[in-house]
>>> print(open('start.txt').read())   # compact mmCIF, C-alpha atoms and all ligand atoms
# COMPACT_ATOMS: atom_id res chain seq x y z
CA MET A 456 -5.46 -10.67 9.97
CA ASN A 457 -8.95 -9.27 10.34
CA GLY A 458 -12.24 -9.03 8.49
CA VAL A 459 -14.19 -11.55 6.47
CA LEU A 460 -11.18 -13.55 5.29
CA ALA A 461 -10.15 -14.37 8.86
CA ARG A 462 -13.65 -15.63 9.65
CA ILE A 463 -13.80 -17.74 6.50
CA LEU A 464 -10.40 -19.29 7.27
CA ALA A 465 -11.35 -20.18 10.85
CA ASP A 466 -14.54 -21.88 9.60
CA LYS A 467 -12.55 -23.62 6.87
CA ARG A 468 -10.11 -25.15 9.34
CA ALA A 469 -13.01 -26.58 11.34
CA GLU A 470 -14.60 -27.90 8.14
CA VAL A 471 -11.37 -29.62 7.10
CA ALA A 472 -11.06 -31.28 10.52
CA ARG A 473 -14.62 -32.64 10.21
CA LYS A 474 -14.03 -33.93 6.68
CA ARG A 475 -10.72 -35.57 7.56
CA ALA A 476 -12.44 -37.47 10.37
CA ARG A 477 -15.01 -38.79 7.88
CA ILE A 478 -12.84 -39.48 4.80
CA GLY A 479 -9.19 -40.22 5.44
CA LEU A 480 -6.31 -39.36 3.11
CA ALA A 481 -5.97 -43.03 2.11
CA ASP A 482 -9.57 -43.01 0.83
CA LEU A 483 -8.89 -39.86 -1.19
CA GLU A 484 -5.73 -41.45 -2.63
CA ALA A 485 -7.71 -44.53 -3.67
CA ARG A 486 -10.31 -42.34 -5.37
CA ILE A 487 -7.57 -40.42 -7.20
CA ALA A 488 -5.91 -43.65 -8.38
CA GLY A 489 -9.22 -44.82 -9.85
CA GLY A 490 -10.07 -41.50 -11.50
CA ALA A 491 -9.15 -39.66 -14.70
CA PRO A 492 -5.91 -37.64 -15.08
CA PRO A 493 -6.10 -33.82 -14.77
CA ARG A 494 -6.78 -31.63 -17.81
CA GLY A 495 -4.00 -29.10 -18.37
CA PHE A 496 -5.27 -25.81 -16.96
CA ALA A 497 -2.26 -23.57 -17.64
CA ALA A 498 -1.85 -25.25 -21.02
CA SER A 499 -5.40 -24.34 -22.01
CA LEU A 500 -4.82 -20.68 -21.13
CA ALA A 501 -1.57 -20.71 -23.11
CA ARG A 502 -3.34 -22.17 -26.16
CA ALA A 503 -5.90 -19.34 -26.15
CA VAL A 504 -3.16 -16.72 -26.00
CA GLU A 505 -1.19 -18.44 -28.80
CA ARG A 506 -4.29 -18.13 -30.96
CA GLY A 507 -4.41 -14.41 -30.20
CA ARG A 508 -7.48 -14.80 -27.97
CA PRO A 509 -7.96 -13.58 -24.40
CA ALA A 510 -7.71 -16.49 -21.95
CA VAL A 511 -11.01 -16.28 -20.08
CA ILE A 512 -11.56 -18.29 -16.90
CA ALA A 513 -15.34 -18.28 -16.57
CA GLU A 514 -16.60 -18.69 -13.02
CA MET A 515 -19.67 -20.24 -11.43
CA LYS A 516 -20.81 -19.09 -8.02
CA ARG A 517 -24.30 -19.11 -6.61
CA ALA A 518 -23.62 -16.39 -4.04
CA SER A 519 -20.81 -14.43 -2.42
CA PRO A 520 -20.30 -12.67 0.91
CA SER A 521 -19.82 -9.33 -0.84
CA ARG A 522 -22.73 -9.55 -3.30
CA GLY A 523 -25.24 -11.90 -1.66
CA MET A 524 -27.26 -14.23 -3.86
CA LEU A 525 -26.18 -14.11 -7.52
CA ARG A 526 -27.77 -17.16 -9.13
CA SER A 527 -29.59 -19.51 -6.77
CA ASP A 528 -30.87 -21.75 -9.59
CA LEU A 529 -27.42 -22.32 -11.14
CA ASP A 530 -27.30 -25.34 -13.45
CA PRO A 531 -23.55 -26.10 -13.51
CA ALA A 532 -23.70 -28.46 -16.50
CA ALA A 533 -25.72 -26.08 -18.67
CA VAL A 534 -23.55 -23.09 -17.79
CA ALA A 535 -20.35 -25.09 -18.36
CA ARG A 536 -21.50 -25.96 -21.89
CA ALA A 537 -22.53 -22.35 -22.53
CA TYR A 538 -19.12 -21.05 -21.35
CA GLU A 539 -17.33 -23.60 -23.54
CA ARG A 540 -19.38 -22.66 -26.63
CA ALA A 541 -18.71 -18.96 -25.95
CA GLY A 542 -14.93 -19.59 -26.06
CA ALA A 543 -13.86 -19.78 -22.40
CA ALA A 544 -10.39 -21.29 -21.91
CA ALA A 545 -11.23 -22.74 -18.49
CA LEU A 546 -13.85 -22.87 -15.74
CA SER A 547 -13.68 -21.71 -12.14
CA VAL A 548 -16.14 -23.32 -9.74
CA LEU A 549 -16.71 -22.11 -6.17
CA THR A 550 -16.87 -25.11 -3.83
CA ASP A 551 -17.38 -23.33 -0.50
CA ALA A 552 -20.90 -23.95 0.79
CA GLY A 553 -20.98 -21.69 3.84
CA TYR A 554 -20.18 -18.33 2.24
CA PHE A 555 -20.66 -18.99 -1.49
CA GLY A 556 -23.65 -21.33 -1.43
CA ALA A 557 -21.94 -24.10 -3.42
CA HIS A 558 -23.63 -27.48 -3.74
CA ALA A 559 -21.46 -30.54 -3.16
CA ASP A 560 -21.38 -31.72 -6.78
CA ASP A 561 -21.19 -28.38 -8.62
CA LEU A 562 -17.61 -28.92 -9.76
CA ALA A 563 -18.14 -32.53 -10.84
CA HIS A 564 -21.30 -31.63 -12.78
CA ALA A 565 -19.63 -28.69 -14.52
CA ARG A 566 -16.53 -30.68 -15.47
CA ALA A 567 -18.46 -33.69 -16.74
CA ALA A 568 -20.49 -31.49 -19.08
CA CYS A 569 -17.56 -30.09 -21.08
CA ALA A 570 -13.91 -30.56 -22.04
CA LEU A 571 -12.58 -27.50 -20.23
CA PRO A 572 -10.14 -27.71 -17.30
CA VAL A 573 -11.54 -26.55 -13.96
CA LEU A 574 -10.17 -24.38 -11.16
CA ARG A 575 -11.41 -25.32 -7.70
CA LYS A 576 -12.19 -22.00 -6.07
CA ASP A 577 -12.03 -22.39 -2.32
CA PHE A 578 -9.90 -21.43 0.66
CA MET A 579 -6.96 -23.82 0.93
CA VAL A 580 -5.51 -24.03 4.42
CA ASP A 581 -4.38 -27.66 4.58
CA GLY A 582 -2.70 -30.23 2.33
CA TYR A 583 -5.73 -32.48 2.80
CA GLN A 584 -7.73 -30.09 0.61
CA ILE A 585 -5.25 -30.44 -2.25
CA ALA A 586 -5.78 -34.21 -2.33
CA GLU A 587 -9.51 -33.61 -1.98
CA SER A 588 -9.44 -31.18 -4.93
CA ARG A 589 -7.76 -33.76 -7.13
CA ALA A 590 -10.21 -36.43 -5.96
CA MET A 591 -13.23 -34.22 -6.83
CA GLY A 592 -11.86 -33.69 -10.35
CA ALA A 593 -10.22 -30.27 -10.12
CA ASP A 594 -7.40 -29.49 -12.57
CA CYS A 595 -6.12 -26.40 -10.75
CA VAL A 596 -6.28 -25.10 -7.18
CA LEU A 597 -6.38 -21.54 -5.89
CA LEU A 598 -3.72 -20.58 -3.34
CA ILE A 599 -4.51 -17.24 -1.71
CA VAL A 600 -1.24 -15.76 -0.45
CA ALA A 601 -3.06 -13.59 2.12
CA ALA A 602 -4.53 -16.74 3.65
CA LEU A 603 -1.25 -18.61 4.14
CA SER A 604 1.97 -18.39 6.14
CA PRO A 605 5.19 -18.50 4.08
CA GLU A 606 5.65 -22.17 5.01
CA GLY A 607 1.98 -22.93 4.36
CA LEU A 608 2.15 -21.43 0.88
CA GLU A 609 5.27 -23.44 0.00
CA GLU A 610 3.77 -26.63 1.39
CA LEU A 611 0.48 -26.30 -0.48
CA TYR A 612 2.23 -25.33 -3.70
CA ALA A 613 4.44 -28.44 -3.41
CA ALA A 614 1.35 -30.57 -2.71
CA SER A 615 -0.40 -29.23 -5.81
CA GLN A 616 2.65 -30.20 -7.89
CA ALA A 617 2.78 -33.65 -6.28
CA TYR A 618 -0.85 -34.26 -7.27
CA GLY A 619 -0.32 -33.05 -10.84
CA LEU A 620 -2.47 -29.96 -10.40
CA ASP A 621 -1.82 -26.46 -11.68
CA ALA A 622 -1.90 -23.72 -9.04
CA LEU A 623 -3.24 -20.19 -9.33
CA ILE A 624 -1.34 -18.05 -6.83
CA GLU A 625 -3.52 -15.10 -5.85
CA VAL A 626 -2.07 -11.78 -4.67
CA HIS A 627 -3.50 -8.39 -3.84
CA ASP A 628 -0.48 -6.21 -3.00
CA ALA A 629 3.25 -5.83 -3.66
CA ASN A 630 4.26 -7.79 -0.58
CA GLU A 631 2.09 -10.77 -1.54
CA LEU A 632 3.37 -10.52 -5.11
CA GLU A 633 6.93 -10.86 -3.87
CA ARG A 634 5.98 -14.03 -1.96
CA ALA A 635 4.25 -15.46 -5.03
CA LEU A 636 7.25 -14.76 -7.24
CA ALA A 637 9.52 -16.61 -4.79
CA LEU A 638 7.70 -19.87 -5.57
CA PRO A 639 9.27 -22.04 -8.30
CA GLY A 640 6.19 -21.69 -10.55
CA GLY A 641 2.45 -21.29 -10.70
CA LEU A 642 0.01 -19.02 -12.47
CA LEU A 643 -0.13 -15.52 -11.06
CA GLY A 644 -3.53 -14.03 -10.21
CA ILE A 645 -4.03 -10.40 -9.20
CA ASN A 646 -7.28 -10.12 -7.27
CA ASN A 647 -8.90 -6.73 -7.77
CA ARG A 648 -11.02 -7.41 -4.69
CA ASP A 649 -9.53 -6.92 -1.22
CA LEU A 650 -10.75 -10.03 0.62
CA ARG A 651 -10.60 -8.20 3.94
CA THR A 652 -12.69 -5.18 2.97
CA PHE A 653 -14.32 -6.22 -0.37
CA VAL A 654 -13.15 -2.97 -1.98
CA THR A 655 -12.81 -3.86 -5.67
CA THR A 656 -11.02 -1.87 -8.38
CA ILE A 657 -9.20 -2.93 -11.54
CA ASP A 658 -6.62 -0.26 -10.67
CA ARG A 659 -5.13 -2.99 -8.42
CA THR A 660 -4.13 -4.95 -11.51
CA LEU A 661 -3.04 -1.88 -13.46
CA GLU A 662 -0.69 -0.87 -10.59
CA LEU A 663 0.64 -4.28 -9.58
CA VAL A 664 1.24 -5.63 -13.08
CA GLU A 665 4.04 -3.07 -13.37
CA CYS A 666 5.95 -5.04 -10.71
CA VAL A 667 5.64 -8.42 -12.46
CA PRO A 668 8.77 -9.61 -14.29
CA PRO A 669 8.32 -9.87 -18.06
CA GLY A 670 7.33 -13.30 -19.31
CA ARG A 671 5.14 -14.17 -16.30
CA PHE A 672 1.53 -14.85 -17.27
CA VAL A 673 -0.91 -12.75 -15.23
CA ILE A 674 -4.60 -13.34 -14.65
CA THR A 675 -6.65 -10.35 -13.55
CA GLU A 676 -9.44 -11.44 -11.19
CA SER A 677 -12.71 -9.89 -9.99
CA GLY A 678 -14.68 -6.74 -10.68
CA ILE A 679 -14.56 -7.09 -14.46
CA LEU A 680 -18.15 -6.08 -15.04
CA GLY A 681 -18.23 -4.52 -18.49
CA ARG A 682 -16.46 -3.88 -21.78
CA ASP A 683 -14.80 -0.77 -20.42
CA GLU A 684 -12.84 -2.78 -17.82
CA VAL A 685 -11.86 -5.35 -20.44
CA ARG A 686 -10.68 -2.62 -22.81
CA ARG A 687 -8.53 -0.93 -20.14
CA LEU A 688 -6.99 -4.21 -18.97
CA LYS A 689 -6.25 -5.35 -22.53
CA ALA A 690 -4.62 -2.00 -23.23
CA ALA A 691 -2.30 -2.64 -20.25
CA GLY A 692 -1.27 -5.97 -21.83
CA LEU A 693 -3.45 -8.32 -19.80
CA ARG A 694 -4.35 -11.60 -21.52
CA GLY A 695 -5.80 -13.65 -18.66
CA PHE A 696 -9.20 -12.78 -17.14
CA LEU A 697 -11.22 -14.39 -14.34
CA VAL A 698 -14.85 -13.28 -14.38
CA GLY A 699 -17.76 -14.42 -12.23
CA GLU A 700 -20.44 -11.95 -11.24
CA ALA A 701 -20.92 -10.35 -14.67
CA PHE A 702 -21.81 -13.79 -16.08
CA MET A 703 -23.78 -15.06 -13.07
CA VAL A 704 -26.23 -12.14 -13.07
CA ALA A 705 -26.75 -12.28 -16.86
CA ALA A 706 -29.83 -14.04 -18.24
CA ASP A 707 -27.51 -15.87 -20.66
CA PRO A 708 -24.00 -16.28 -19.14
CA GLY A 709 -22.46 -17.57 -22.37
CA ALA A 710 -23.82 -14.71 -24.44
CA ARG A 711 -22.50 -12.24 -21.87
CA LEU A 712 -19.03 -13.81 -22.09
CA ALA A 713 -19.00 -13.52 -25.87
CA GLU A 714 -20.20 -9.93 -25.72
CA LEU A 715 -17.69 -8.87 -23.05
CA PHE A 716 -14.68 -10.21 -24.94
CA GLU A 717 -15.57 -9.84 -28.61
CA GLU A 718 -13.29 -7.49 -30.50
CA ARG A 719 -15.05 -4.63 -32.24
CA VAL A 720 -13.56 -2.66 -35.11
CA ASP A 721 -14.57 0.71 -33.60
CA GLU A 722 -12.27 0.09 -30.62
CA SER A 723 -9.16 -1.18 -32.36
CA SER A 724 -9.13 1.91 -34.59
CA GLY A 725 -9.36 4.37 -31.71
O1 LIG B 801 -17.34 -12.18 -9.46
P1 LIG B 801 -16.15 -11.42 -9.90
O2 LIG B 801 -16.06 -10.04 -9.30
O3 LIG B 801 -16.03 -11.40 -11.40
O4 LIG B 801 -14.87 -12.21 -9.32
C1 LIG B 801 -14.55 -13.53 -9.74
C2 LIG B 801 -13.40 -14.09 -8.88
O5 LIG B 801 -12.25 -13.36 -9.14
C3 LIG B 801 -13.76 -14.07 -7.40
O6 LIG B 801 -14.84 -14.91 -7.20
C4 LIG B 801 -12.61 -14.48 -6.49
C5 LIG B 801 -11.30 -14.16 -6.64
N1 LIG B 801 -10.55 -14.67 -5.64
C6 LIG B 801 -11.36 -15.34 -4.81
C7 LIG B 801 -11.07 -16.05 -3.65
C8 LIG B 801 -12.08 -16.70 -3.01
C9 LIG B 801 -13.40 -16.60 -3.47
C10 LIG B 801 -13.71 -15.89 -4.63
C11 LIG B 801 -12.69 -15.27 -5.30
>>> encode(input="start.txt", output="structure tokens")
Amino acid sequence: MNGVLARILADKRAEVARKRARIGLADLEARIAGGAPPRGFAASLARAVERGRPAVIAEMKRASPSRGMLRSDLDPAAVARAYERAGAAALSVLTDAGYFGAHADDLAHARAACALPVLRKDFMVDGYQIAESRAMGADCVLLIVAALSPEGLEELYAASQAYGLDALIEVHDANELERALALPGGLLGINNRDLRTFVTTIDRTLELVECVPPGRFVITESGILGRDEVRRLKAAGLRGFLVGEAFMVAADPGARLAELFEERVDESSG
């Protein structure tokens, strides 16, 4: 493996080792036992689709390695409420500080401000992080197939189930898709961005979705910047959307969400 992803993963392993030395698994377990149960993440997406609405996972990230600073003055609670009012089905919150500029309590602040379930967006390399995700209040974890060995993917998926969390299994090519489909469950995410090169195109989703067995719910992730992308993805049958940058750079993230996904008569007729 090469490129940015490899660097992030190496740093992440070191970070996990430091954290584990400070807060042991038993402490995390105690925190989990004293905390609230998870909100159903997959269930919330399914409810949106049942109502004939796109299931939008609205993301918060202050910065990214590919785009630099996006929103340094992010107010997670205010944006969470704005996303909820605008009709988002769920939140995604970046929790990586080194590359994405996350603050330690971003996820907790966002979740406490609304009733939406929350995806912890980070780079999972160790079962410790699954317990940690649950302890910080996440309802769903991201498992990036490109970042994990076959055994690692199975182990982290099993851990997410054991902790009562939903899992979003992220793929970028046919080989990764095959590995994701071999798992007993999980939400399927097609990342339009290549995490090794940052090349981003919604054609990734349009190509790969052809290889997904019918009945599997697919979330298209990244590079959904305008109404044209949404229109093309909807036309291909997509119902799940994960959007970050387009909202983060907007003056009013909630208004941008509503505008991006509102149905207009002129389009349905043509
Ligand atoms: O900001 P965008 O292009 O709308 O993308 C959102 C989300 O898909 C992206 O942040 C993402 C997808 N997979 C990831 C894995 C790690 C970090 C970030 C991501």
>>> closest_residue(input="start.txt", among="A:Ala602, A:Ala586, A:Ile657, A:Leu680", to="ligand LIG 801 (chain B)", atoms="all atoms listed in the file")
A:Leu680
>>> atom_distance(input="start.txt", atom1="atom CA of Asp560 of chain A", atom2="atom CA of Ser527 of chain A")
14.7 Å
>>> closest_residue(input="start.txt", among="A:Arg540, A:His558, A:Lys576, A:Arg687", to="ligand LIG 801 (chain B)", atoms="all atoms listed in the file")
A:Lys576
>>> residues_near_point(input="start.txt", point="(-26.7, -31.8, -9.8)", cutoff="8 Å", atoms="all atoms listed in the file", output="PyMOL selection string")
chain A and resi 530-531+560-561+564
>>> residues_near_ligand(input="start.txt", ligand="ligand LIG 801 (chain B)", cutoff="10 Å", atoms="all atoms listed in the file", output="ChimeraX atom specification")
/A:460,463,512-516,518-522,525,547-551,554-555,575-579,597-599,602,623-627,644-650,653,655-656,674-680,696-704
>>> atom_distance(input="start.txt", atom1="atom CA of Ala541 of chain A", atom2="atom CA of Gly641 of chain A")
26.2 Å
>>> residues_around(input="start.txt", residues="segment 489-493 of chain A", least_positions_apart="5", cutoff="12 Å", atoms="only C-alpha atoms", output="VMD selection string")
chain A and resid 482 to 484 498 to 499 566 to 567 570 to 574 588 to 596 615 to 616 618 to 621
>>> atom_distance(input="start.txt", atom1="atom CA of Ala622 of chain A", atom2="atom CA of Asp658 of chain A")
24.0 Å
>>> closest_residue(input="start.txt", among="A:Ala601, A:Ala713, A:Ala537, A:Val471", to="Arg651 of chain A", atoms="all atoms listed in the file")
A:Ala601
>>> residues_around(input="start.txt", residues="segment 681-683 of chain A", least_positions_apart="6", cutoff="9 Å", atoms="all atoms listed in the file", output="list in words")
Ala701, Glu714, Leu715 and Phe716 of chain A
>>> write_last_selection(input="start.txt", atoms="C-alpha atoms", output="PDB file, keeping the file's coordinate frame")
ATOM      1  CA  ALA A 701     -20.920 -10.350 -14.670  1.00  0.00           C
ATOM      2  CA  GLU A 714     -20.200  -9.930 -25.720  1.00  0.00           C
ATOM      3  CA  LEU A 715     -17.690  -8.870 -23.050  1.00  0.00           C
ATOM      4  CA  PHE A 716     -14.680 -10.210 -24.940  1.00  0.00           C
TER       5      PHE A 716
END
>>> residues_around(input="start.txt", residues="Ala637 of chain A", least_positions_apart="2", cutoff="12 Å", atoms="all atoms listed in the file", output="compact mmCIF listing (two decimals) with C-alpha atoms, in the coordinates of the input")
# COMPACT_ATOMS: atom_id res chain seq x y z
CA VAL A 600 -1.24 -15.76 -0.45
CA PRO A 605 5.19 -18.50 4.08
CA GLU A 606 5.65 -22.17 5.01
CA LEU A 608 2.15 -21.43 0.88
CA GLU A 609 5.27 -23.44 0.00
CA TYR A 612 2.23 -25.33 -3.70
CA ILE A 624 -1.34 -18.05 -6.83
CA ASN A 630 4.26 -7.79 -0.58
CA GLU A 631 2.09 -10.77 -1.54
CA LEU A 632 3.37 -10.52 -5.11
CA GLU A 633 6.93 -10.86 -3.87
CA ARG A 634 5.98 -14.03 -1.96
CA ALA A 635 4.25 -15.46 -5.03
CA PRO A 639 9.27 -22.04 -8.30
CA GLY A 640 6.19 -21.69 -10.55
CA GLY A 641 2.45 -21.29 -10.70
CA LEU A 643 -0.13 -15.52 -11.06
CA VAL A 667 5.64 -8.42 -12.46
CA PRO A 668 8.77 -9.61 -14.29
